[in-house]
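What follows is the content of upload-v7.pdb, which has PDB, C-alpha atoms:
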ATOM      1  CA  MET A  58     -19.186 -17.668 -68.792
ATOM      2  CA  ASN A  59     -16.029 -19.655 -69.500
ATOM      3  CA  SER A  60     -15.000 -21.131 -66.146
ATOM      4  CA  SER A  61     -11.462 -21.865 -67.346
ATOM      5  CA  ARG A  62     -10.604 -18.133 -67.345
ATOM      6  CA  PRO A  63     -10.500 -16.079 -64.134
ATOM      7  CA  VAL A  64     -13.301 -13.600 -63.611
ATOM      8  CA  CYS A  65     -11.836 -10.310 -62.516
ATOM      9  CA  CYS A  66     -13.262  -7.357 -60.686
ATOM     10  CA  SER A  67     -10.792  -4.466 -60.542
ATOM     11  CA  ARG A  68     -10.766  -1.385 -58.332
ATOM     12  CA  ALA A  69      -8.214   1.347 -58.062
ATOM     13  CA  ARG A  70      -8.457   3.763 -55.156
ATOM     14  CA  ILE A  71      -6.607   6.749 -53.817
ATOM     15  CA  TRP A  72      -7.046   7.093 -50.064
ATOM     16  CA  ALA A  73      -6.232  10.234 -48.150
ATOM     17  CA  VAL A  74      -6.042   8.362 -44.848
ATOM     18  CA  THR A  75      -6.401   4.701 -43.986
ATOM     19  CA  VAL A  76      -7.977   4.218 -40.563
ATOM     20  CA  GLY A  77      -8.645   0.492 -40.792
ATOM     21  CA  TRP A  78     -11.538  -1.535 -42.069
ATOM     22  CA  GLU A  79     -14.236  -3.196 -40.051
ATOM     23  CA  ARG A  80     -15.547  -6.679 -40.679
ATOM     24  CA  PRO A  81     -18.633  -6.504 -42.872
ATOM     25  CA  SER A  82     -21.862  -7.396 -41.095
ATOM     26  CA  SER A  83     -22.767  -9.848 -43.880
ATOM     27  CA  GLY A  84     -20.465 -12.454 -42.355
ATOM     28  CA  ALA A  85     -17.942 -12.058 -45.168
ATOM     29  CA  ALA A  86     -14.290 -12.740 -44.454
ATOM     30  CA  PRO A  87     -12.410  -9.969 -42.642
ATOM     31  CA  VAL A  88     -10.457  -7.591 -44.840
ATOM     32  CA  ASN A  89      -6.717  -7.419 -44.244
ATOM     33  CA  GLU A  90      -4.427  -4.517 -45.028
ATOM     34  CA  PRO A  91      -0.669  -3.980 -45.032
ATOM     35  CA  ALA A  92       1.142  -3.154 -41.800
ATOM     36  CA  TRP A  93       2.452   0.404 -42.090
ATOM     37  CA  PRO A  94       5.446   1.825 -40.223
ATOM     38  CA  GLU A  95       4.537   5.269 -38.874
ATOM     39  CA  ARG A  96       6.814   7.081 -41.332
ATOM     40  CA  TYR A  97       4.912   5.674 -44.318
ATOM     41  CA  LEU A  98       1.356   5.781 -42.963
ATOM     42  CA  PRO A  99      -1.025   6.335 -45.903
ATOM     43  CA  GLY A 100      -2.051   9.954 -46.269
ATOM     44  CA  THR A 101       1.011  11.326 -44.490
ATOM     45  CA  GLY A 102       3.465  11.207 -47.410
ATOM     46  CA  ASP A 103       3.625  13.163 -50.633
ATOM     47  CA  ASN A 104       2.020  10.486 -52.826
ATOM     48  CA  PHE A 105      -0.040   7.420 -51.941
ATOM     49  CA  VAL A 106      -1.900   4.998 -54.167
ATOM     50  CA  SER A 107      -3.816   1.814 -53.579
ATOM     51  CA  ASN A 108      -4.755  -0.735 -56.230
ATOM     52  CA  GLU A 109      -6.677  -3.959 -55.758
ATOM     53  CA  VAL A 110      -8.036  -6.849 -57.789
ATOM     54  CA  VAL A 111     -10.302  -9.697 -56.730
ATOM     55  CA  VAL A 112     -10.262 -12.691 -59.061
ATOM     56  CA  ALA A 113     -12.117 -16.006 -59.154
ATOM     57  CA  GLY A 114     -10.333 -19.127 -60.322
ATOM     58  CA  LEU A 115      -6.893 -18.395 -58.859
ATOM     59  CA  SER A 116      -5.317 -18.943 -55.451
ATOM     60  CA  ALA A 117      -2.935 -16.822 -53.418
ATOM     61  CA  ALA A 118      -0.221 -19.411 -54.110
ATOM     62  CA  ASP A 119      -0.798 -19.064 -57.896
ATOM     63  CA  VAL A 120      -0.278 -15.304 -57.700
ATOM     64  CA  TRP A 121       2.488 -15.321 -55.082
ATOM     65  CA  ARG A 122       4.953 -17.358 -57.137
ATOM     66  CA  HIS A 123       4.785 -14.787 -59.960
ATOM     67  CA  LEU A 124       5.006 -11.835 -57.577
ATOM     68  CA  VAL A 125       8.169 -12.973 -55.790
ATOM     69  CA  ASP A 126       9.980 -14.234 -58.919
ATOM     70  CA  THR A 127      11.589 -11.053 -60.259
ATOM     71  CA  SER A 128      12.806 -12.898 -63.377
ATOM     72  CA  ARG A 129       9.131 -12.915 -64.491
ATOM     73  CA  TRP A 130       8.323  -9.232 -63.826
ATOM     74  CA  GLU A 131       9.421  -7.858 -67.197
ATOM     75  CA  SER A 132       7.304 -10.479 -68.999
ATOM     76  CA  TYR A 133       4.075  -9.085 -67.553
ATOM     77  CA  TYR A 134       4.899  -5.502 -66.463
ATOM     78  CA  ASP A 135       6.530  -3.041 -68.853
ATOM     79  CA  ASN A 136       7.326  -0.368 -66.231
ATOM     80  CA  VAL A 137      10.216  -2.249 -64.623
ATOM     81  CA  ALA A 138      13.809  -2.673 -65.769
ATOM     82  CA  ASP A 139      17.355  -3.369 -64.655
ATOM     83  CA  ILE A 140      16.427  -5.876 -61.946
ATOM     84  CA  GLY A 141      19.432  -7.095 -59.999
ATOM     85  CA  PHE A 142      20.644  -8.437 -56.693
ATOM     86  CA  PRO A 143      23.757  -6.459 -55.655
ATOM     87  CA  GLN A 144      24.492  -8.765 -52.712
ATOM     88  CA  GLY A 145      23.832 -11.963 -54.676
ATOM     89  CA  GLY A 146      20.815 -14.202 -54.458
ATOM     90  CA  GLY A 147      17.668 -13.783 -56.488
ATOM     91  CA  PRO A 148      15.793 -13.864 -58.699
ATOM     92  CA  VAL A 149      13.186 -15.017 -56.164
ATOM     93  CA  LEU A 150      12.588 -12.474 -53.405
ATOM     94  CA  THR A 151      12.786 -13.543 -49.784
ATOM     95  CA  ASP A 152      14.657 -10.921 -47.823
ATOM     96  CA  GLY A 153      17.648  -8.682 -48.314
ATOM     97  CA  ILE A 154      18.277  -6.176 -51.085
ATOM     98  CA  PHE A 155      17.334  -6.106 -54.735
ATOM     99  CA  ARG A 156      17.515  -3.327 -57.315
ATOM    100  CA  PHE A 157      15.183  -2.197 -60.073
ATOM    101  CA  GLY A 158      14.209   0.860 -62.071
ATOM    102  CA  THR A 159      10.646   2.079 -62.523
ATOM    103  CA  PHE A 160       8.652   5.240 -63.325
ATOM    104  CA  GLY A 161      11.712   6.787 -64.973
ATOM    105  CA  PHE A 162      13.815   6.691 -61.803
ATOM    106  CA  PRO A 163      17.288   5.154 -61.984
ATOM    107  CA  PRO A 164      17.530   1.701 -60.420
ATOM    108  CA  LEU A 165      17.065   1.984 -56.656
ATOM    109  CA  ASP A 166      18.170  -0.467 -53.985
ATOM    110  CA  ALA A 167      15.035  -1.934 -52.446
ATOM    111  CA  HIS A 168      15.217  -3.498 -48.976
ATOM    112  CA  VAL A 169      12.665  -6.230 -48.293
ATOM    113  CA  VAL A 170      11.183  -5.355 -44.892
ATOM    114  CA  GLU A 171       8.324  -7.862 -44.771
ATOM    115  CA  PHE A 172       8.093 -11.269 -46.410
ATOM    116  CA  ARG A 173       5.523 -13.867 -45.480
ATOM    117  CA  ALA A 174       4.233 -16.350 -48.043
ATOM    118  CA  PRO A 175       0.484 -16.979 -48.012
ATOM    119  CA  ALA A 176      -0.713 -19.935 -45.974
ATOM    120  CA  GLU A 177      -4.093 -21.277 -44.942
ATOM    121  CA  ASP A 178      -6.054 -18.414 -43.333
ATOM    122  CA  THR A 179      -2.981 -16.146 -43.551
ATOM    123  CA  PRO A 180      -2.413 -13.600 -46.317
ATOM    124  CA  GLY A 181       0.919 -13.328 -48.066
ATOM    125  CA  ARG A 182       2.724 -10.099 -47.242
ATOM    126  CA  LEU A 183       5.600  -8.516 -49.118
ATOM    127  CA  SER A 184       6.932  -5.005 -48.715
ATOM    128  CA  TRP A 185      10.105  -3.130 -49.475
ATOM    129  CA  THR A 186      11.546   0.312 -48.952
ATOM    130  CA  ALA A 187      13.685   2.185 -51.454
ATOM    131  CA  LYS A 188      15.473   5.512 -51.268
ATOM    132  CA  GLN A 189      17.037   7.863 -53.765
ATOM    133  CA  ASP A 190      19.589  10.277 -52.329
ATOM    134  CA  GLY A 191      20.601  13.601 -53.814
ATOM    135  CA  THR A 192      19.440  17.188 -53.712
ATOM    136  CA  PRO A 193      16.058  17.999 -52.138
ATOM    137  CA  GLU A 194      14.594  17.948 -55.660
ATOM    138  CA  GLU A 195      15.906  14.394 -56.174
ATOM    139  CA  ARG A 196      15.376  12.712 -52.788
ATOM    140  CA  LEU A 197      12.760   9.974 -52.682
ATOM    141  CA  ASP A 198      11.744   7.545 -49.929
ATOM    142  CA  VAL A 199       9.238   4.785 -50.726
ATOM    143  CA  LEU A 200       7.462   1.868 -49.079
ATOM    144  CA  HIS A 201       5.686  -0.511 -51.469
ATOM    145  CA  ALA A 202       3.461  -3.161 -49.866
ATOM    146  CA  TRP A 203       1.654  -6.185 -51.294
ATOM    147  CA  LEU A 204      -1.019  -8.354 -49.713
ATOM    148  CA  VAL A 205      -2.173 -11.588 -51.401
ATOM    149  CA  GLU A 206      -4.981 -13.551 -49.785
ATOM    150  CA  ASP A 207      -7.418 -16.323 -50.551
ATOM    151  CA  LEU A 208     -11.089 -15.408 -50.211
ATOM    152  CA  PRO A 209     -14.129 -17.667 -49.883
ATOM    153  CA  GLY A 210     -15.556 -19.055 -53.109
ATOM    154  CA  GLY A 211     -12.235 -19.829 -54.804
ATOM    155  CA  ARG A 212     -11.212 -16.182 -55.138
ATOM    156  CA  VAL A 213      -7.984 -14.324 -54.496
ATOM    157  CA  ARG A 214      -7.499 -10.698 -53.489
ATOM    158  CA  VAL A 215      -4.318  -8.854 -54.414
ATOM    159  CA  LEU A 216      -3.743  -5.426 -52.898
ATOM    160  CA  THR A 217      -0.747  -3.221 -53.611
ATOM    161  CA  GLN A 218      -0.181   0.119 -51.926
ATOM    162  CA  GLU A 219       2.680   2.579 -52.003
ATOM    163  CA  THR A 220       3.594   5.647 -50.007
ATOM    164  CA  GLN A 221       6.208   7.988 -51.446
ATOM    165  CA  ILE A 222       7.954  10.865 -49.669
ATOM    166  CA  GLY A 223       9.906  13.598 -51.439
ATOM    167  CA  ARG A 224       9.592  16.244 -54.123
ATOM    168  CA  PRO A 225       9.605  13.750 -57.030
ATOM    169  CA  ALA A 226       6.673  11.990 -55.309
ATOM    170  CA  ALA A 227       4.799  15.256 -54.841
ATOM    171  CA  ALA A 228       5.246  16.006 -58.546
ATOM    172  CA  LEU A 229       3.935  12.545 -59.494
ATOM    173  CA  ALA A 230       0.885  13.073 -57.271
ATOM    174  CA  THR A 231      -0.198  16.158 -59.230
ATOM    175  CA  GLU A 232      -0.102  14.478 -62.647
ATOM    176  CA  ARG A 233      -3.402  13.476 -64.222
ATOM    177  CA  PRO A 234      -3.883  10.724 -64.854
ATOM    178  CA  ASN A 235      -1.768   9.625 -61.890
ATOM    179  CA  PRO A 236       1.077   7.573 -63.400
ATOM    180  CA  MET A 237       1.698   5.569 -60.220
ATOM    181  CA  LEU A 238      -1.959   4.621 -59.868
ATOM    182  CA  ASN A 239      -2.140   3.537 -63.508
ATOM    183  CA  GLY A 240       1.272   1.873 -63.423
ATOM    184  CA  HIS A 241       0.422  -0.221 -60.393
ATOM    185  CA  GLN A 242      -2.898  -1.232 -61.941
ATOM    186  CA  ALA A 243      -0.970  -2.422 -65.000
ATOM    187  CA  TRP A 244       1.324  -4.392 -62.653
ATOM    188  CA  LEU A 245      -1.669  -6.017 -60.952
ATOM    189  CA  ASP A 246      -3.383  -6.829 -64.257
ATOM    190  CA  GLY A 247      -0.164  -8.310 -65.652
ATOM    191  CA  LEU A 248       0.433 -10.318 -62.470
ATOM    192  CA  ILE A 249      -3.065 -11.803 -62.629
ATOM    193  CA  GLY A 250      -2.641 -12.572 -66.325
ATOM    194  CA  ALA A 251       0.657 -14.365 -65.667
ATOM    195  CA  ALA A 252      -0.855 -16.366 -62.796
ATOM    196  CA  ALA A 253      -3.794 -17.384 -65.012
ATOM    197  CA  GLU A 254      -1.572 -18.840 -67.777
TER     198      GLU A 254
END
Let's see the structure in the file written out as C-alpha coordinates.
Amino acid sequence: MNSSRPVCCSRARIWAVTVGWERPSSGAAPVNEPAWPERYLPGTGDNFVSNEVVVAGLSAADVWRHLVDTSRWESYYDNVADIGFPQGGGPVLTDGIFRFGTFGFPPLDAHVVEFRAPAEDTPGRLSWTAKQDGTPEERLDVLHAWLVEDLPGGRVRVLTQETQIGRPAAALATERPNPMLNGHQAWLDGLIGAAAE
(Lines of atoms letter the chains of each structure in order from A and count residues from 1; the text may use other names and numbers.)
(Lines give C-alpha, C1' and ligand atoms only; values in the text may rest on other atoms or scores of the structure.)
Protein backbone atom coordinates (compact mmCIF):
# COMPACT_ATOMS: atom_id res chain seq x y z
CA MET A 1 0.00 0.00 0.00
CA ASN A 2 1.24 3.48 -0.87
CA SER A 3 1.18 5.41 2.41
CA SER A 4 1.36 8.78 0.65
CA ARG A 5 -2.24 8.40 -0.60
CA PRO A 6 -5.22 8.32 1.78
CA VAL A 7 -6.93 4.99 2.25
CA CYS A 8 -10.66 5.48 1.99
CA CYS A 9 -13.59 3.48 3.21
CA SER A 10 -16.88 4.90 1.94
CA ARG A 11 -20.43 4.27 3.13
CA ALA A 12 -23.64 5.83 2.00
CA ARG A 13 -26.76 5.27 4.08
CA ILE A 14 -30.38 6.26 4.04
CA TRP A 15 -31.86 6.29 7.54
CA ALA A 16 -35.56 6.34 8.24
CA VAL A 17 -35.03 7.60 11.79
CA THR A 18 -31.91 8.56 13.70
CA VAL A 19 -32.23 7.74 17.39
CA GLY A 20 -28.61 8.27 18.39
CA TRP A 21 -25.61 6.01 18.47
CA GLU A 22 -24.10 4.31 21.46
CA ARG A 23 -20.40 4.09 22.17
CA PRO A 24 -19.04 0.82 20.83
CA SER A 25 -18.01 -1.66 23.51
CA SER A 26 -14.62 -2.14 21.83
CA GLY A 27 -13.36 1.07 23.41
CA ALA A 28 -13.40 2.89 20.08
CA ALA A 29 -13.95 6.63 20.05
CA PRO A 30 -17.55 7.78 20.50
CA VAL A 31 -19.46 8.53 17.32
CA ASN A 32 -20.76 12.07 16.92
CA GLU A 33 -23.71 13.18 14.83
CA PRO A 34 -25.14 16.53 13.77
CA ALA A 35 -27.44 18.44 16.10
CA TRP A 36 -30.90 18.49 14.52
CA PRO A 37 -33.58 21.13 15.13
CA GLU A 38 -36.93 19.38 15.64
CA ARG A 39 -38.31 20.57 12.30
CA TYR A 40 -35.55 18.79 10.38
CA LEU A 41 -35.20 15.63 12.47
CA PRO A 42 -34.10 12.79 10.16
CA GLY A 43 -37.00 10.63 9.05
CA THR A 44 -39.62 13.32 9.58
CA GLY A 45 -39.15 15.22 6.31
CA ASP A 46 -39.87 14.28 2.73
CA ASN A 47 -36.29 13.30 1.83
CA PHE A 48 -33.29 12.47 4.01
CA VAL A 49 -29.87 11.17 3.07
CA SER A 50 -26.70 10.47 4.97
CA ASN A 51 -23.26 10.01 3.44
CA GLU A 52 -20.01 9.30 5.25
CA VAL A 53 -16.36 8.64 4.50
CA VAL A 54 -13.56 7.58 6.83
CA VAL A 55 -10.07 8.22 5.49
CA ALA A 56 -6.56 7.52 6.78
CA GLY A 57 -3.79 10.01 6.14
CA LEU A 58 -5.82 13.22 6.46
CA SER A 59 -6.88 15.38 9.40
CA ALA A 60 -10.09 17.24 10.11
CA ALA A 61 -8.20 20.50 9.54
CA ASP A 62 -7.08 19.28 6.06
CA VAL A 63 -10.69 18.61 5.07
CA TRP A 64 -12.26 21.59 6.84
CA ARG A 65 -10.34 24.24 4.90
CA HIS A 66 -11.68 22.85 1.60
CA LEU A 67 -15.21 22.47 2.93
CA VAL A 68 -15.59 26.06 4.15
CA ASP A 69 -13.85 27.69 1.15
CA THR A 70 -16.68 27.99 -1.37
CA SER A 71 -14.26 29.25 -4.04
CA ARG A 72 -12.94 25.65 -4.19
CA TRP A 73 -16.30 23.83 -4.40
CA GLU A 74 -16.68 23.92 -8.18
CA SER A 75 -13.16 22.50 -8.61
CA TYR A 76 -14.09 19.25 -6.88
CA TYR A 77 -17.91 19.04 -7.07
CA ASP A 78 -19.75 19.43 -10.37
CA ASN A 79 -23.26 19.72 -8.87
CA VAL A 80 -22.83 23.26 -7.55
CA ALA A 81 -22.97 26.59 -9.37
CA ASP A 82 -23.62 30.30 -9.00
CA ILE A 83 -22.03 30.63 -5.56
CA GLY A 84 -22.34 34.12 -4.13
CA PHE A 85 -22.55 36.17 -0.98
CA PRO A 86 -25.49 38.61 -1.32
CA GLN A 87 -24.58 40.47 1.88
CA GLY A 88 -20.85 40.58 1.11
CA GLY A 89 -18.13 38.49 2.67
CA GLY A 90 -17.03 35.11 1.43
CA PRO A 91 -15.73 33.05 -0.15
CA VAL A 92 -14.88 31.35 3.16
CA LEU A 93 -17.97 30.40 5.15
CA THR A 94 -18.28 31.46 8.77
CA ASP A 95 -21.79 32.67 9.41
CA GLY A 96 -24.41 34.69 7.60
CA ILE A 97 -25.90 34.07 4.17
CA PHE A 98 -24.49 32.62 0.99
CA ARG A 99 -26.18 31.53 -2.23
CA PHE A 100 -25.68 28.57 -4.54
CA GLY A 101 -27.53 26.40 -7.02
CA THR A 102 -27.57 22.60 -6.92
CA PHE A 103 -29.66 19.61 -8.06
CA GLY A 104 -31.28 21.75 -10.77
CA PHE A 105 -32.80 24.22 -8.30
CA PRO A 106 -32.23 27.93 -8.88
CA PRO A 107 -29.69 29.48 -6.52
CA LEU A 108 -31.10 29.52 -2.99
CA ASP A 109 -30.07 31.73 -0.09
CA ALA A 110 -28.46 29.48 2.51
CA HIS A 111 -28.27 30.67 6.12
CA VAL A 112 -25.38 29.24 8.14
CA VAL A 113 -26.95 28.08 11.41
CA GLU A 114 -23.99 26.22 12.92
CA PHE A 115 -20.29 26.84 12.40
CA ARG A 116 -17.60 25.40 14.62
CA ALA A 117 -14.16 24.60 13.24
CA PRO A 118 -12.65 21.29 14.35
CA ALA A 119 -10.36 21.41 17.36
CA GLU A 120 -8.63 18.82 19.52
CA ASP A 121 -11.27 16.32 20.69
CA THR A 122 -14.04 18.44 19.10
CA PRO A 123 -15.55 17.76 15.68
CA GLY A 124 -16.05 20.53 13.18
CA ARG A 125 -19.71 21.32 12.60
CA LEU A 126 -21.24 23.23 9.72
CA SER A 127 -24.89 23.42 8.79
CA TRP A 128 -27.14 25.69 6.79
CA THR A 129 -30.80 26.02 5.97
CA ALA A 130 -32.19 27.06 2.60
CA LYS A 131 -35.72 27.71 1.41
CA GLN A 132 -37.40 28.05 -1.94
CA ASP A 133 -40.72 29.89 -1.90
CA GLY A 134 -43.49 29.56 -4.46
CA THR A 135 -46.48 27.35 -5.08
CA PRO A 136 -46.89 24.16 -3.03
CA GLU A 137 -45.28 22.28 -5.93
CA GLU A 138 -42.22 24.57 -5.73
CA ARG A 139 -41.71 25.10 -1.99
CA LEU A 140 -38.60 23.54 -0.49
CA ASP A 141 -37.07 23.77 2.99
CA VAL A 142 -33.67 22.18 3.63
CA LEU A 143 -31.13 21.68 6.40
CA HIS A 144 -27.72 20.42 5.28
CA ALA A 145 -25.29 19.42 8.05
CA TRP A 146 -21.61 18.47 8.00
CA LEU A 147 -19.50 16.89 10.73
CA VAL A 148 -15.71 16.59 10.34
CA GLU A 149 -13.77 14.82 13.07
CA ASP A 150 -10.38 13.30 13.72
CA LEU A 151 -10.39 9.63 14.67
CA PRO A 152 -7.69 7.54 16.34
CA GLY A 153 -4.98 6.17 14.08
CA GLY A 154 -4.54 9.27 11.92
CA ARG A 155 -7.99 9.02 10.34
CA VAL A 156 -10.71 11.55 9.64
CA ARG A 157 -14.46 11.01 9.44
CA VAL A 158 -16.62 13.26 7.30
CA LEU A 159 -20.39 12.94 7.61
CA THR A 160 -22.90 14.94 5.60
CA GLN A 161 -26.65 14.66 6.10
CA GLU A 162 -29.57 16.55 4.65
CA THR A 163 -33.26 16.73 5.42
CA GLN A 164 -35.56 18.22 2.80
CA ILE A 165 -39.21 19.20 3.22
CA GLY A 166 -41.58 19.90 0.34
CA ARG A 167 -42.99 18.37 -2.82
CA PRO A 168 -39.75 18.74 -4.83
CA ALA A 169 -37.99 16.81 -2.02
CA ALA A 170 -40.64 14.09 -2.05
CA ALA A 171 -40.17 13.72 -5.81
CA LEU A 172 -36.38 13.45 -5.41
CA ALA A 173 -36.84 10.75 -2.75
CA THR A 174 -38.70 8.47 -5.17
CA GLU A 175 -36.05 8.58 -7.90
CA ARG A 176 -33.77 5.58 -8.28
CA PRO A 177 -30.94 5.91 -7.98
CA ASN A 178 -31.48 8.68 -5.43
CA PRO A 179 -29.83 11.77 -6.95
CA MET A 180 -29.25 13.46 -3.59
CA LEU A 181 -27.58 10.39 -2.11
CA ASN A 182 -25.32 10.02 -5.15
CA GLY A 183 -24.71 13.76 -5.43
CA HIS A 184 -23.62 14.07 -1.82
CA GLN A 185 -21.34 11.06 -2.17
CA ALA A 186 -19.71 12.79 -5.15
CA TRP A 187 -19.31 15.91 -2.97
CA LEU A 188 -17.65 13.87 -0.21
CA ASP A 189 -15.36 12.03 -2.64
CA GLY A 190 -14.36 15.31 -4.30
CA LEU A 191 -13.77 16.98 -0.93
CA ILE A 192 -11.49 14.15 0.18
CA GLY A 193 -9.65 14.25 -3.14
CA ALA A 194 -9.08 18.00 -2.82
CA ALA A 195 -7.86 17.65 0.77
CA ALA A 196 -5.44 14.89 -0.29
CA GLU A 197 -3.75 17.02 -2.99
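For Pro180 (chain A), the non-local neighbours within 7 Å, defined as residues at least 5 positions apart in the same chain or in other chains and counting only C-alpha atoms, are Pro175, Leu204, Val205 and Glu206 of chain A.
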If we count all atoms listed in the file and set the cut-off at 12 Å, which residues sit around Ala230 (chain A), ignoring sequence neighbours fewer than 3 positions away in its own chain? Please answer as a CSV table (one decimal) with C-alpha atoms, in the coordinates of the input.
chain,number,residue,atom,x,y,z
A,71,ILE,CA,-6.6,6.7,-53.8
A,73,ALA,CA,-6.2,10.2,-48.2
A,100,GLY,CA,-2.1,10.0,-46.3
A,102,GLY,CA,3.5,11.2,-47.4
A,103,ASP,CA,3.6,13.2,-50.6
A,104,ASN,CA,2.0,10.5,-52.8
A,105,PHE,CA,0.0,7.4,-51.9
A,106,VAL,CA,-1.9,5.0,-54.2
A,219,GLU,CA,2.7,2.6,-52.0
A,220,THR,CA,3.6,5.6,-50.0
A,221,GLN,CA,6.2,8.0,-51.4
A,222,ILE,CA,8.0,10.9,-49.7
A,223,GLY,CA,9.9,13.6,-51.4
A,224,ARG,CA,9.6,16.2,-54.1
A,225,PRO,CA,9.6,13.8,-57.0
A,226,ALA,CA,6.7,12.0,-55.3
A,227,ALA,CA,4.8,15.3,-54.8
A,233,ARG,CA,-3.4,13.5,-64.2
A,234,PRO,CA,-3.9,10.7,-64.9
A,235,ASN,CA,-1.8,9.6,-61.9
A,236,PRO,CA,1.1,7.6,-63.4
A,237,MET,CA,1.7,5.6,-60.2
A,238,LEU,CA,-2.0,4.6,-59.9
A,239,ASN,CA,-2.1,3.5,-63.5
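Selection check: the PyMOL selection byres ((chain A and resi 245) around 8) on the shown file gives Asn108, Glu109, Val110, Val215, Thr217, His241, Gln242, Ala243, Trp244, Asp246, Gly247, Leu248 and Ile249 of chain A.
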Requested in this report: Would you translate the PyMOL selection byres ((chain A and resi 135) around 10) into the concrete set of residues it matches in this file, as a PyMOL selection string?
Outcome: chain A and resi 130-134+136-138+159+240+243-244+247
Would you write out those residues with C-alpha atoms, as a PDB file, in the frame of the given file?
ATOM      1  CA  TRP A 130       8.323  -9.232 -63.826  1.00  0.00           C
ATOM      2  CA  GLU A 131       9.421  -7.858 -67.197  1.00  0.00           C
ATOM      3  CA  SER A 132       7.304 -10.479 -68.999  1.00  0.00           C
ATOM      4  CA  TYR A 133       4.075  -9.085 -67.553  1.00  0.00           C
ATOM      5  CA  TYR A 134       4.899  -5.502 -66.463  1.00  0.00           C
ATOM      6  CA  ASN A 136       7.326  -0.368 -66.231  1.00  0.00           C
ATOM      7  CA  VAL A 137      10.216  -2.249 -64.623  1.00  0.00           C
ATOM      8  CA  ALA A 138      13.809  -2.673 -65.769  1.00  0.00           C
ATOM      9  CA  THR A 159      10.646   2.079 -62.523  1.00  0.00           C
ATOM     10  CA  GLY A 240       1.272   1.873 -63.423  1.00  0.00           C
ATOM     11  CA  ALA A 243      -0.970  -2.422 -65.000  1.00  0.00           C
ATOM     12  CA  TRP A 244       1.324  -4.392 -62.653  1.00  0.00           C
ATOM     13  CA  GLY A 247      -0.164  -8.310 -65.652  1.00  0.00           C
TER      14      GLY A 247
END
Requested in this report: Record the distance separating CA of Asp126 (chain A) and CA of Arg196 (chain A), expressed in Å with one decimal.
Outcome: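 Separation of CA of Asp126 (chain A) and CA of Arg196 (chain A): 28.2 Å.
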Report task. Report as number ranges by chain the residues that result from applying the PyMOL selection byres ((chain A and resi 127) around 8) to the structure here. Result -> A: 123-126, 128-131, 140, 147-150
Can those selected residues be exported to a file as a PDB file, keeping the file's coordinate frame so that it contains C-alpha atoms?
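Here's the written file out.pdb:
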ATOM      1  CA  HIS A 123       4.785 -14.787 -59.960  1.00  0.00           C
ATOM      2  CA  LEU A 124       5.006 -11.835 -57.577  1.00  0.00           C
ATOM      3  CA  VAL A 125       8.169 -12.973 -55.790  1.00  0.00           C
ATOM      4  CA  ASP A 126       9.980 -14.234 -58.919  1.00  0.00           C
ATOM      5  CA  SER A 128      12.806 -12.898 -63.377  1.00  0.00           C
ATOM      6  CA  ARG A 129       9.131 -12.915 -64.491  1.00  0.00           C
ATOM      7  CA  TRP A 130       8.323  -9.232 -63.826  1.00  0.00           C
ATOM      8  CA  GLU A 131       9.421  -7.858 -67.197  1.00  0.00           C
ATOM      9  CA  ILE A 140      16.427  -5.876 -61.946  1.00  0.00           C
ATOM     10  CA  GLY A 147      17.668 -13.783 -56.488  1.00  0.00           C
ATOM     11  CA  PRO A 148      15.793 -13.864 -58.699  1.00  0.00           C
ATOM     12  CA  VAL A 149      13.186 -15.017 -56.164  1.00  0.00           C
ATOM     13  CA  LEU A 150      12.588 -12.474 -53.405  1.00  0.00           C
TER      14      LEU A 150
END
Query raised in the report: CA of Thr151 (chain A) to CA of Thr101 (chain A): how many Å, to one decimal?
Result: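 Between CA of Thr151 (chain A) and CA of Thr101 (chain A) the gap is 28.0 Å.
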**Report entry** Å distance separating CA of Val170 (chain A) from CA of Ala187 (chain A), one decimal place
**Finding:**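 A separation of 10.3 Å between them.
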Query - From A:Gly146, A:Pro94, A:Pro193, A:Gly181, residue lying nearest Arg214 (chain A) [only C-alpha atoms] - result: A:Gly181
Query raised in the report: What lies within 8 Å of Arg182 (chain A) using all atoms listed in the file, ignoring chain neighbours under 6 positions off, as number ranges by chain?
Result: A: 91, 171-175, 202-205
Report task. List the neighbours of Ile154 (chain A) out to 7 Å using all atoms listed in the file; skip same-chain residues closer than 5 positions along the sequence, and give me the result as a ChimeraX atom specification. Result -> /A:142,144,166-169
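Nearest to Asn89 (chain A) of all the residues A:Ala253, A:Leu197, A:Leu229, A:Leu216 is A:Leu216, based on all atoms listed in the file.
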